[in-house]
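What's in work-v4.cif: mmCIF, N, CA and C atoms
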```cif
data_entry
loop_
_atom_site.label_atom_id
_atom_site.label_comp_id
_atom_site.auth_asym_id
_atom_site.auth_seq_id
_atom_site.Cartn_x
_atom_site.Cartn_y
_atom_site.Cartn_z
N MET X 243 123.53 8.27 176.38
CA MET X 243 123.35 9.56 177.03
C MET X 243 124.37 10.54 176.44
N PRO X 244 123.94 11.78 176.10
CA PRO X 244 124.87 12.75 175.51
C PRO X 244 125.94 13.19 176.49
N ASP X 245 127.11 13.50 175.94
CA ASP X 245 128.23 13.99 176.75
C ASP X 245 128.13 15.50 176.88
N ASP X 246 127.70 15.96 178.06
CA ASP X 246 127.56 17.40 178.32
C ASP X 246 128.82 18.01 178.91
N THR X 247 129.90 17.25 178.96
CA THR X 247 131.13 17.74 179.58
C THR X 247 132.11 18.30 178.57
N LYS X 248 131.69 18.46 177.33
CA LYS X 248 132.60 18.98 176.31
C LYS X 248 133.04 20.39 176.67
N THR X 249 134.30 20.65 176.44
CA THR X 249 134.85 21.98 176.64
C THR X 249 134.39 22.88 175.50
N PRO X 250 133.93 24.09 175.82
CA PRO X 250 133.52 24.98 174.73
C PRO X 250 134.69 25.24 173.78
N LYS X 251 134.36 25.38 172.50
CA LYS X 251 135.37 25.65 171.48
C LYS X 251 136.03 26.99 171.73
N SER X 252 137.33 27.02 171.59
CA SER X 252 138.05 28.30 171.66
C SER X 252 137.73 29.09 170.43
N PRO X 253 137.69 30.41 170.55
CA PRO X 253 137.39 31.20 169.35
C PRO X 253 138.51 31.05 168.32
N SER X 254 138.12 31.17 167.07
CA SER X 254 139.10 31.25 165.99
C SER X 254 139.41 32.71 165.75
N TYR X 255 140.52 32.95 165.07
CA TYR X 255 140.98 34.32 164.83
C TYR X 255 141.11 34.57 163.34
N TRP X 256 140.79 35.81 162.95
CA TRP X 256 140.75 36.18 161.55
C TRP X 256 141.28 37.59 161.37
N LEU X 257 141.54 37.94 160.12
CA LEU X 257 141.87 39.31 159.75
C LEU X 257 140.95 39.67 158.60
N MET X 258 140.28 40.82 158.73
CA MET X 258 139.35 41.28 157.71
C MET X 258 139.81 42.64 157.20
N LYS X 259 139.96 42.74 155.89
CA LYS X 259 140.44 43.99 155.28
C LYS X 259 139.29 44.82 154.75
N SER X 260 139.43 46.12 154.93
CA SER X 260 138.47 47.05 154.35
C SER X 260 139.20 48.34 153.99
N GLU X 261 138.84 48.88 152.85
CA GLU X 261 139.40 50.17 152.47
C GLU X 261 138.68 51.24 153.29
N PRO X 262 139.42 52.03 154.06
CA PRO X 262 138.77 52.96 154.98
C PRO X 262 137.87 53.99 154.32
N PHE X 263 138.12 54.30 153.04
CA PHE X 263 137.22 55.24 152.37
C PHE X 263 135.91 54.56 151.96
N GLU X 264 135.88 53.21 151.99
CA GLU X 264 134.65 52.46 151.72
C GLU X 264 133.91 52.13 153.02
N TYR X 265 134.65 51.56 153.98
CA TYR X 265 134.08 51.17 155.27
C TYR X 265 135.22 51.11 156.28
N SER X 266 135.21 52.03 157.22
CA SER X 266 136.33 52.15 158.16
C SER X 266 135.94 51.62 159.54
N TRP X 267 136.95 51.55 160.40
CA TRP X 267 136.72 51.20 161.80
C TRP X 267 135.69 52.15 162.41
N ASP X 268 135.84 53.44 162.14
CA ASP X 268 134.91 54.42 162.69
C ASP X 268 133.48 54.19 162.19
N ASP X 269 133.33 53.73 160.95
CA ASP X 269 132.00 53.40 160.43
C ASP X 269 131.39 52.25 161.22
N LEU X 270 132.19 51.22 161.50
CA LEU X 270 131.70 50.08 162.29
C LEU X 270 131.28 50.53 163.68
N VAL X 271 132.12 51.35 164.31
CA VAL X 271 131.79 51.85 165.65
C VAL X 271 130.49 52.65 165.63
N GLU X 272 130.34 53.49 164.63
CA GLU X 272 129.13 54.31 164.52
C GLU X 272 127.88 53.45 164.34
N GLU X 273 127.99 52.39 163.53
CA GLU X 273 126.84 51.50 163.30
C GLU X 273 126.57 50.60 164.50
N GLY X 274 127.62 50.22 165.22
CA GLY X 274 127.46 49.29 166.35
C GLY X 274 127.54 47.84 165.94
N GLU X 275 127.09 47.53 164.74
CA GLU X 275 127.18 46.19 164.15
C GLU X 275 127.13 46.36 162.65
N GLY X 276 128.04 45.70 161.95
CA GLY X 276 128.08 45.83 160.50
C GLY X 276 128.06 44.48 159.82
N VAL X 277 127.59 44.47 158.59
CA VAL X 277 127.60 43.26 157.77
C VAL X 277 128.88 43.27 156.94
N TRP X 278 129.66 42.21 157.07
CA TRP X 278 130.89 42.08 156.27
C TRP X 278 130.49 41.39 154.98
N SER X 279 130.31 42.17 153.93
CA SER X 279 129.78 41.65 152.67
C SER X 279 130.62 42.17 151.51
N GLY X 280 130.29 41.71 150.33
CA GLY X 280 130.97 42.18 149.12
C GLY X 280 132.24 41.42 148.80
N VAL X 281 132.54 40.36 149.53
CA VAL X 281 133.75 39.57 149.29
C VAL X 281 133.50 38.66 148.10
N ARG X 282 134.39 38.74 147.12
CA ARG X 282 134.23 37.94 145.89
C ARG X 282 135.49 37.15 145.57
N ASN X 283 136.03 36.50 146.57
CA ASN X 283 137.20 35.63 146.43
C ASN X 283 136.83 34.31 147.09
N HIS X 284 137.09 33.20 146.42
CA HIS X 284 136.64 31.91 146.94
C HIS X 284 137.33 31.52 148.25
N SER X 285 138.62 31.79 148.39
CA SER X 285 139.31 31.48 149.65
C SER X 285 138.74 32.33 150.80
N ALA X 286 138.51 33.61 150.53
CA ALA X 286 137.94 34.49 151.55
C ALA X 286 136.52 34.04 151.90
N LYS X 287 135.76 33.60 150.90
CA LYS X 287 134.40 33.10 151.15
C LYS X 287 134.44 31.90 152.08
N LEU X 288 135.37 30.98 151.85
CA LEU X 288 135.49 29.81 152.73
C LEU X 288 135.83 30.24 154.15
N ASN X 289 136.67 31.26 154.30
CA ASN X 289 136.98 31.77 155.63
C ASN X 289 135.74 32.37 156.29
N LEU X 290 134.97 33.13 155.54
CA LEU X 290 133.73 33.71 156.08
C LEU X 290 132.76 32.61 156.51
N LYS X 291 132.67 31.54 155.72
CA LYS X 291 131.76 30.44 156.05
C LYS X 291 132.23 29.66 157.27
N ALA X 292 133.54 29.69 157.55
CA ALA X 292 134.09 28.97 158.70
C ALA X 292 133.93 29.74 160.01
N MET X 293 133.63 31.02 159.93
CA MET X 293 133.52 31.84 161.14
C MET X 293 132.32 31.44 161.98
N GLU X 294 132.49 31.58 163.29
CA GLU X 294 131.43 31.29 164.25
C GLU X 294 131.24 32.49 165.16
N VAL X 295 130.06 32.58 165.73
CA VAL X 295 129.77 33.65 166.69
C VAL X 295 130.81 33.60 167.81
N GLY X 296 131.37 34.75 168.13
CA GLY X 296 132.40 34.84 169.18
C GLY X 296 133.81 34.85 168.65
N ASP X 297 134.02 34.45 167.38
CA ASP X 297 135.35 34.53 166.80
C ASP X 297 135.78 36.00 166.75
N GLU X 298 137.07 36.23 166.92
CA GLU X 298 137.60 37.58 166.92
C GLU X 298 138.37 37.85 165.63
N CYS X 299 138.28 39.10 165.19
CA CYS X 299 138.88 39.48 163.91
C CYS X 299 139.66 40.78 164.06
N PHE X 300 140.84 40.80 163.48
CA PHE X 300 141.54 42.07 163.34
C PHE X 300 140.86 42.85 162.23
N PHE X 301 140.68 44.14 162.45
CA PHE X 301 140.12 45.04 161.44
C PHE X 301 141.30 45.76 160.82
N TYR X 302 141.53 45.50 159.53
CA TYR X 302 142.70 46.01 158.82
C TYR X 302 142.27 47.03 157.79
N HIS X 303 142.86 48.22 157.85
CA HIS X 303 142.62 49.24 156.83
C HIS X 303 143.57 48.98 155.66
N SER X 304 143.00 48.64 154.52
CA SER X 304 143.81 48.37 153.34
C SER X 304 143.85 49.59 152.43
N ARG X 305 144.78 49.58 151.53
CA ARG X 305 145.05 50.66 150.56
C ARG X 305 145.45 51.97 151.21
N GLU X 306 144.73 52.44 152.20
CA GLU X 306 145.11 53.65 152.95
C GLU X 306 145.38 53.23 154.39
N GLY X 307 146.55 53.53 154.87
CA GLY X 307 146.91 53.17 156.24
C GLY X 307 147.71 51.90 156.32
N LEU X 308 147.21 50.85 155.68
CA LEU X 308 147.88 49.54 155.70
C LEU X 308 148.25 49.14 157.13
N GLU X 309 147.20 49.05 157.98
CA GLU X 309 147.46 48.74 159.38
C GLU X 309 146.23 48.11 160.03
N ILE X 310 146.51 47.31 161.06
CA ILE X 310 145.45 46.75 161.88
C ILE X 310 145.09 47.80 162.91
N VAL X 311 143.81 48.19 162.91
CA VAL X 311 143.39 49.31 163.75
C VAL X 311 142.56 48.89 164.96
N GLY X 312 142.07 47.65 164.96
CA GLY X 312 141.25 47.23 166.09
C GLY X 312 140.82 45.78 165.97
N ILE X 313 139.97 45.40 166.92
CA ILE X 313 139.44 44.04 167.00
C ILE X 313 137.92 44.11 166.97
N CYS X 314 137.33 43.27 166.13
CA CYS X 314 135.87 43.13 166.13
C CYS X 314 135.53 41.66 166.39
N VAL X 315 134.27 41.42 166.73
CA VAL X 315 133.82 40.08 167.09
C VAL X 315 132.67 39.68 166.18
N VAL X 316 132.68 38.43 165.73
CA VAL X 316 131.58 37.93 164.91
C VAL X 316 130.34 37.82 165.79
N SER X 317 129.29 38.53 165.40
CA SER X 317 128.04 38.52 166.16
C SER X 317 126.96 37.65 165.52
N VAL X 318 127.02 37.50 164.20
CA VAL X 318 126.10 36.62 163.47
C VAL X 318 126.92 35.94 162.38
N ALA X 319 126.87 34.62 162.34
CA ALA X 319 127.65 33.85 161.36
C ALA X 319 126.72 33.15 160.38
N GLY X 320 127.30 32.75 159.25
CA GLY X 320 126.59 31.89 158.32
C GLY X 320 125.44 32.54 157.57
N ILE X 321 125.57 33.80 157.23
CA ILE X 321 124.51 34.45 156.46
C ILE X 321 124.94 34.62 155.01
N GLY X 322 123.97 34.72 154.15
CA GLY X 322 124.26 35.01 152.76
C GLY X 322 124.59 36.47 152.60
N ASP X 323 125.39 36.77 151.61
CA ASP X 323 125.79 38.14 151.34
C ASP X 323 124.60 38.91 150.76
N PRO X 324 124.13 39.95 151.45
CA PRO X 324 122.97 40.69 150.95
C PRO X 324 123.24 41.47 149.67
N THR X 325 124.51 41.62 149.29
CA THR X 325 124.84 42.32 148.05
C THR X 325 124.95 41.37 146.86
N ASP X 326 124.70 40.09 147.09
CA ASP X 326 124.88 39.06 146.07
C ASP X 326 123.53 38.51 145.61
N GLU X 327 123.17 38.79 144.38
CA GLU X 327 121.90 38.31 143.84
C GLU X 327 121.93 36.83 143.47
N THR X 328 123.14 36.25 143.36
CA THR X 328 123.26 34.84 142.96
C THR X 328 123.09 33.88 144.14
N GLY X 329 123.30 34.37 145.36
CA GLY X 329 123.21 33.51 146.54
C GLY X 329 124.43 32.64 146.77
N LYS X 330 125.53 32.92 146.06
CA LYS X 330 126.74 32.11 146.16
C LYS X 330 127.72 32.58 147.24
N TRP X 331 127.60 33.83 147.65
CA TRP X 331 128.64 34.42 148.50
C TRP X 331 128.18 34.55 149.94
N ALA X 332 129.15 34.50 150.84
CA ALA X 332 128.88 34.48 152.28
C ALA X 332 129.14 35.85 152.91
N ALA X 333 128.58 36.02 154.09
CA ALA X 333 128.80 37.22 154.89
C ALA X 333 128.66 36.87 156.36
N VAL X 334 129.11 37.76 157.21
CA VAL X 334 128.91 37.67 158.65
C VAL X 334 128.58 39.07 159.16
N LYS X 335 128.10 39.13 160.38
CA LYS X 335 127.95 40.42 161.05
C LYS X 335 129.01 40.49 162.14
N VAL X 336 129.56 41.69 162.33
CA VAL X 336 130.58 41.91 163.35
C VAL X 336 130.25 43.14 164.18
N LYS X 337 130.76 43.11 165.41
CA LYS X 337 130.63 44.26 166.31
C LYS X 337 132.03 44.67 166.74
N PRO X 338 132.25 45.97 166.93
CA PRO X 338 133.57 46.40 167.39
C PRO X 338 133.82 45.95 168.83
N LYS X 339 135.05 45.56 169.11
CA LYS X 339 135.43 45.18 170.48
C LYS X 339 136.34 46.24 171.08
N ARG X 340 137.46 46.50 170.38
CA ARG X 340 138.35 47.54 170.88
C ARG X 340 139.25 48.07 169.79
N LYS X 341 139.48 49.37 169.87
CA LYS X 341 140.39 50.04 168.94
C LYS X 341 141.79 49.98 169.52
N PHE X 342 142.77 49.80 168.66
CA PHE X 342 144.16 49.82 169.11
C PHE X 342 144.62 51.26 169.29
N ASP X 343 145.25 51.53 170.44
CA ASP X 343 145.88 52.83 170.64
C ASP X 343 147.06 52.99 169.70
N ASN X 344 147.72 51.85 169.43
CA ASN X 344 148.88 51.82 168.54
C ASN X 344 148.60 50.84 167.40
N PRO X 345 148.02 51.31 166.28
CA PRO X 345 147.77 50.41 165.16
C PRO X 345 149.06 49.69 164.74
N VAL X 346 148.91 48.48 164.24
CA VAL X 346 150.06 47.68 163.82
C VAL X 346 150.12 47.72 162.29
N SER X 347 151.20 48.28 161.78
CA SER X 347 151.33 48.47 160.33
C SER X 347 151.78 47.19 159.64
N LEU X 348 151.48 47.13 158.35
CA LEU X 348 151.94 46.01 157.53
C LEU X 348 153.46 45.94 157.56
N LYS X 349 154.12 47.08 157.55
CA LYS X 349 155.57 47.11 157.60
C LYS X 349 156.09 46.45 158.88
N GLN X 350 155.45 46.74 160.02
CA GLN X 350 155.84 46.11 161.28
C GLN X 350 155.63 44.60 161.22
N ILE X 351 154.49 44.20 160.67
CA ILE X 351 154.18 42.77 160.58
C ILE X 351 155.20 42.05 159.71
N LYS X 352 155.53 42.65 158.56
CA LYS X 352 156.50 42.03 157.66
C LYS X 352 157.90 41.99 158.26
N SER X 353 158.21 42.90 159.16
CA SER X 353 159.55 42.92 159.77
C SER X 353 159.65 41.99 160.98
N GLU X 354 158.55 41.38 161.39
CA GLU X 354 158.56 40.45 162.53
C GLU X 354 158.74 39.02 162.00
N PRO X 355 159.90 38.40 162.23
CA PRO X 355 160.17 37.07 161.68
C PRO X 355 159.15 36.01 162.09
N ARG X 356 158.58 36.13 163.28
CA ARG X 356 157.60 35.14 163.74
C ARG X 356 156.29 35.22 162.96
N LEU X 357 156.10 36.27 162.15
CA LEU X 357 154.88 36.42 161.36
C LEU X 357 155.11 36.16 159.87
N ALA X 358 156.24 35.57 159.54
CA ALA X 358 156.58 35.33 158.13
C ALA X 358 155.57 34.42 157.43
N ASP X 359 154.94 33.51 158.17
CA ASP X 359 153.97 32.59 157.57
C ASP X 359 152.53 33.07 157.69
N CYS X 360 152.33 34.24 158.25
CA CYS X 360 151.00 34.82 158.40
C CYS X 360 150.34 34.99 157.03
N GLU X 361 149.05 34.64 156.92
CA GLU X 361 148.37 34.78 155.63
C GLU X 361 148.39 36.21 155.11
N LEU X 362 148.41 37.19 155.99
CA LEU X 362 148.48 38.58 155.56
C LEU X 362 149.77 38.83 154.77
N VAL X 363 150.84 38.16 155.15
CA VAL X 363 152.13 38.31 154.48
C VAL X 363 152.21 37.40 153.25
N ARG X 364 151.82 36.15 153.41
CA ARG X 364 151.94 35.17 152.32
C ARG X 364 150.91 35.35 151.21
N MET X 365 149.70 35.77 151.57
CA MET X 365 148.60 35.90 150.61
C MET X 365 148.04 37.31 150.73
N SER X 366 148.84 38.27 150.35
CA SER X 366 148.56 39.67 150.65
C SER X 366 147.27 40.19 150.03
N ARG X 367 146.76 39.55 149.00
CA ARG X 367 145.54 40.04 148.36
C ARG X 367 144.27 39.45 148.97
N LEU X 368 144.42 38.49 149.88
CA LEU X 368 143.27 37.83 150.50
C LEU X 368 142.59 38.80 151.47
N SER X 369 141.30 39.03 151.28
CA SER X 369 140.59 40.04 152.07
C SER X 369 140.08 39.54 153.42
N VAL X 370 139.97 38.24 153.57
CA VAL X 370 139.58 37.64 154.85
C VAL X 370 140.53 36.49 155.08
N ALA X 371 141.39 36.62 156.10
CA ALA X 371 142.47 35.66 156.31
C ALA X 371 142.39 35.02 157.68
N LYS X 372 142.84 33.78 157.76
CA LYS X 372 142.94 33.06 159.03
C LYS X 372 144.18 33.54 159.77
N ILE X 373 144.06 33.71 161.08
CA ILE X 373 145.18 34.10 161.93
C ILE X 373 145.33 33.02 163.00
N THR X 374 146.53 32.50 163.19
CA THR X 374 146.73 31.48 164.22
C THR X 374 146.72 32.14 165.60
N PRO X 375 146.45 31.35 166.65
CA PRO X 375 146.50 31.93 168.00
C PRO X 375 147.86 32.56 168.33
N GLU X 376 148.94 31.96 167.85
CA GLU X 376 150.27 32.51 168.10
C GLU X 376 150.43 33.87 167.41
N GLU X 377 150.01 33.94 166.14
CA GLU X 377 150.07 35.21 165.41
C GLU X 377 149.21 36.27 166.09
N TRP X 378 148.03 35.87 166.55
CA TRP X 378 147.13 36.78 167.26
C TRP X 378 147.83 37.40 168.46
N ASP X 379 148.45 36.55 169.26
CA ASP X 379 149.13 37.03 170.47
C ASP X 379 150.27 37.99 170.13
N ILE X 380 151.05 37.66 169.11
CA ILE X 380 152.18 38.50 168.71
C ILE X 380 151.68 39.87 168.26
N ILE X 381 150.65 39.90 167.43
CA ILE X 381 150.13 41.17 166.91
C ILE X 381 149.51 41.98 168.03
N CYS X 382 148.79 41.34 168.94
CA CYS X 382 148.22 42.07 170.09
C CYS X 382 149.33 42.68 170.95
N GLN X 383 150.43 41.95 171.14
CA GLN X 383 151.58 42.50 171.88
C GLN X 383 152.16 43.70 171.14
N MET X 384 152.27 43.61 169.83
CA MET X 384 152.80 44.72 169.04
C MET X 384 151.92 45.97 169.18
N ALA X 385 150.63 45.78 169.32
CA ALA X 385 149.71 46.90 169.46
C ALA X 385 149.84 47.59 170.81
N GLN X 386 150.45 46.92 171.77
CA GLN X 386 150.61 47.50 173.11
C GLN X 386 151.94 48.19 173.26
N GLU X 387 152.83 48.05 172.29
CA GLU X 387 154.17 48.63 172.40
C GLU X 387 154.16 50.11 172.08
#
```
Conversion result in structure tokens:
Amino acid sequence: MPDDTKTPKSPSYWLMKSEPFEYSWDDLVEEGEGVWSGVRNHSAKLNLKAMEVGDECFFYHSREGLEIVGICVVSVAGIGDPTDETGKWAAVKVKPKRKFDNPVSLKQIKSEPRLADCELVRMSRLSVAKITPEEWDIICQMAQE
């Protein structure tokens, strides 16, 4: 007999970078749901493939701003990248959850010793990064300060 008493999986946490002149937080809000596509890094692809519906992601403005501006939620997982003709690359769909009143800058993150091992700090060029629950909580607290 199957075990129906399993505890639902806790969401995983991620950070997704986008250049605001290409696709910004406001663009996501305007669309209501966006496809996170165009990622051409193997580590980032593995992170996209690991995402599940309900996982939460920091939305990070890269190149301009260099700050986490809000939280989005994975609404559709495990899709192929519609911009990829080879079929090798992954994508997900996300919906905006909430904008930060106080965006958290890369400078703030780098100055917080508890975030020294954060993938955003250690692997700064990675466009889709894993965030631990502890890092998530710290960054969310920083956004409220």
With the file shown as input, list the residues that the PyMOL selection byres ((chain X and resi 335) around 7) selects, as a CSV table (one decimal) with N, CA and C atoms, keeping the file's coordinate frame.
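The resulting selection.csv:
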```csv
chain,number,residue,atom,x,y,z
X,275,GLU,N,127.1,47.5,164.7
X,275,GLU,CA,127.2,46.2,164.2
X,275,GLU,C,127.1,46.4,162.6
X,276,GLY,N,128.0,45.7,162.0
X,276,GLY,CA,128.1,45.8,160.5
X,276,GLY,C,128.1,44.5,159.8
X,277,VAL,N,127.6,44.5,158.6
X,277,VAL,CA,127.6,43.3,157.8
X,277,VAL,C,128.9,43.3,156.9
X,278,TRP,N,129.7,42.2,157.1
X,278,TRP,CA,130.9,42.1,156.3
X,278,TRP,C,130.5,41.4,155.0
X,315,VAL,N,134.3,41.4,166.7
X,315,VAL,CA,133.8,40.1,167.1
X,315,VAL,C,132.7,39.7,166.2
X,316,VAL,N,132.7,38.4,165.7
X,316,VAL,CA,131.6,37.9,164.9
X,316,VAL,C,130.3,37.8,165.8
X,317,SER,N,129.3,38.5,165.4
X,317,SER,CA,128.0,38.5,166.2
X,317,SER,C,127.0,37.6,165.5
X,318,VAL,N,127.0,37.5,164.2
X,318,VAL,CA,126.1,36.6,163.5
X,318,VAL,C,126.9,35.9,162.4
X,319,ALA,N,126.9,34.6,162.3
X,319,ALA,CA,127.6,33.8,161.4
X,319,ALA,C,126.7,33.2,160.4
X,320,GLY,N,127.3,32.8,159.2
X,320,GLY,CA,126.6,31.9,158.3
X,320,GLY,C,125.4,32.5,157.6
X,321,ILE,N,125.6,33.8,157.2
X,321,ILE,CA,124.5,34.4,156.5
X,321,ILE,C,124.9,34.6,155.0
X,333,ALA,N,128.6,36.0,154.1
X,333,ALA,CA,128.8,37.2,154.9
X,333,ALA,C,128.7,36.9,156.4
X,334,VAL,N,129.1,37.8,157.2
X,334,VAL,CA,128.9,37.7,158.6
X,334,VAL,C,128.6,39.1,159.2
X,336,VAL,N,129.6,41.7,162.3
X,336,VAL,CA,130.6,41.9,163.4
X,336,VAL,C,130.2,43.1,164.2
X,337,LYS,N,130.8,43.1,165.4
X,337,LYS,CA,130.6,44.3,166.3
X,337,LYS,C,132.0,44.7,166.7
```
Translate the PyMOL selection byres ((chain X and resi 295-308) around 8) into a concrete residue list for this structure, as a PyMOL selection string. chain X and resi 252-263+265-267+292-294+309-320+345-349
List the residues selected by the PyMOL selection byres ((chain X and resi 380-386) around 7) in the file shown, writing them as JSON, numbers by chain. {"X": [342, 343, 344, 345, 346, 375, 376, 377, 378, 379, 387]}
Can you check which residues of region 319-381 of chain X DSSP gives as helix (DSSP H, G or I) on the backbone and send them as a PyMOL selection string? chain X and resi 348-353+355-357+361-364+375-381
List every residue of chain X that DSSP, applied to the backbone, labels as strand (DSSP E), and write the result as a PyMOL selection string. chain X and resi 255-260+276-278+298-303+309-322+332-347+370-373
One number please: atom C of Ser369 (chain X) to atom N of Ala286 (chain X), in Å, one decimal. 6.8 Å
Atom N of Ile373 (chain X) sits from atom C of Asn289 (chain X) at a separation of 9.7 Å
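Going from atom C of Asp326 (chain X) to atom C of Asp268 (chain X) covers 24.9 Å.
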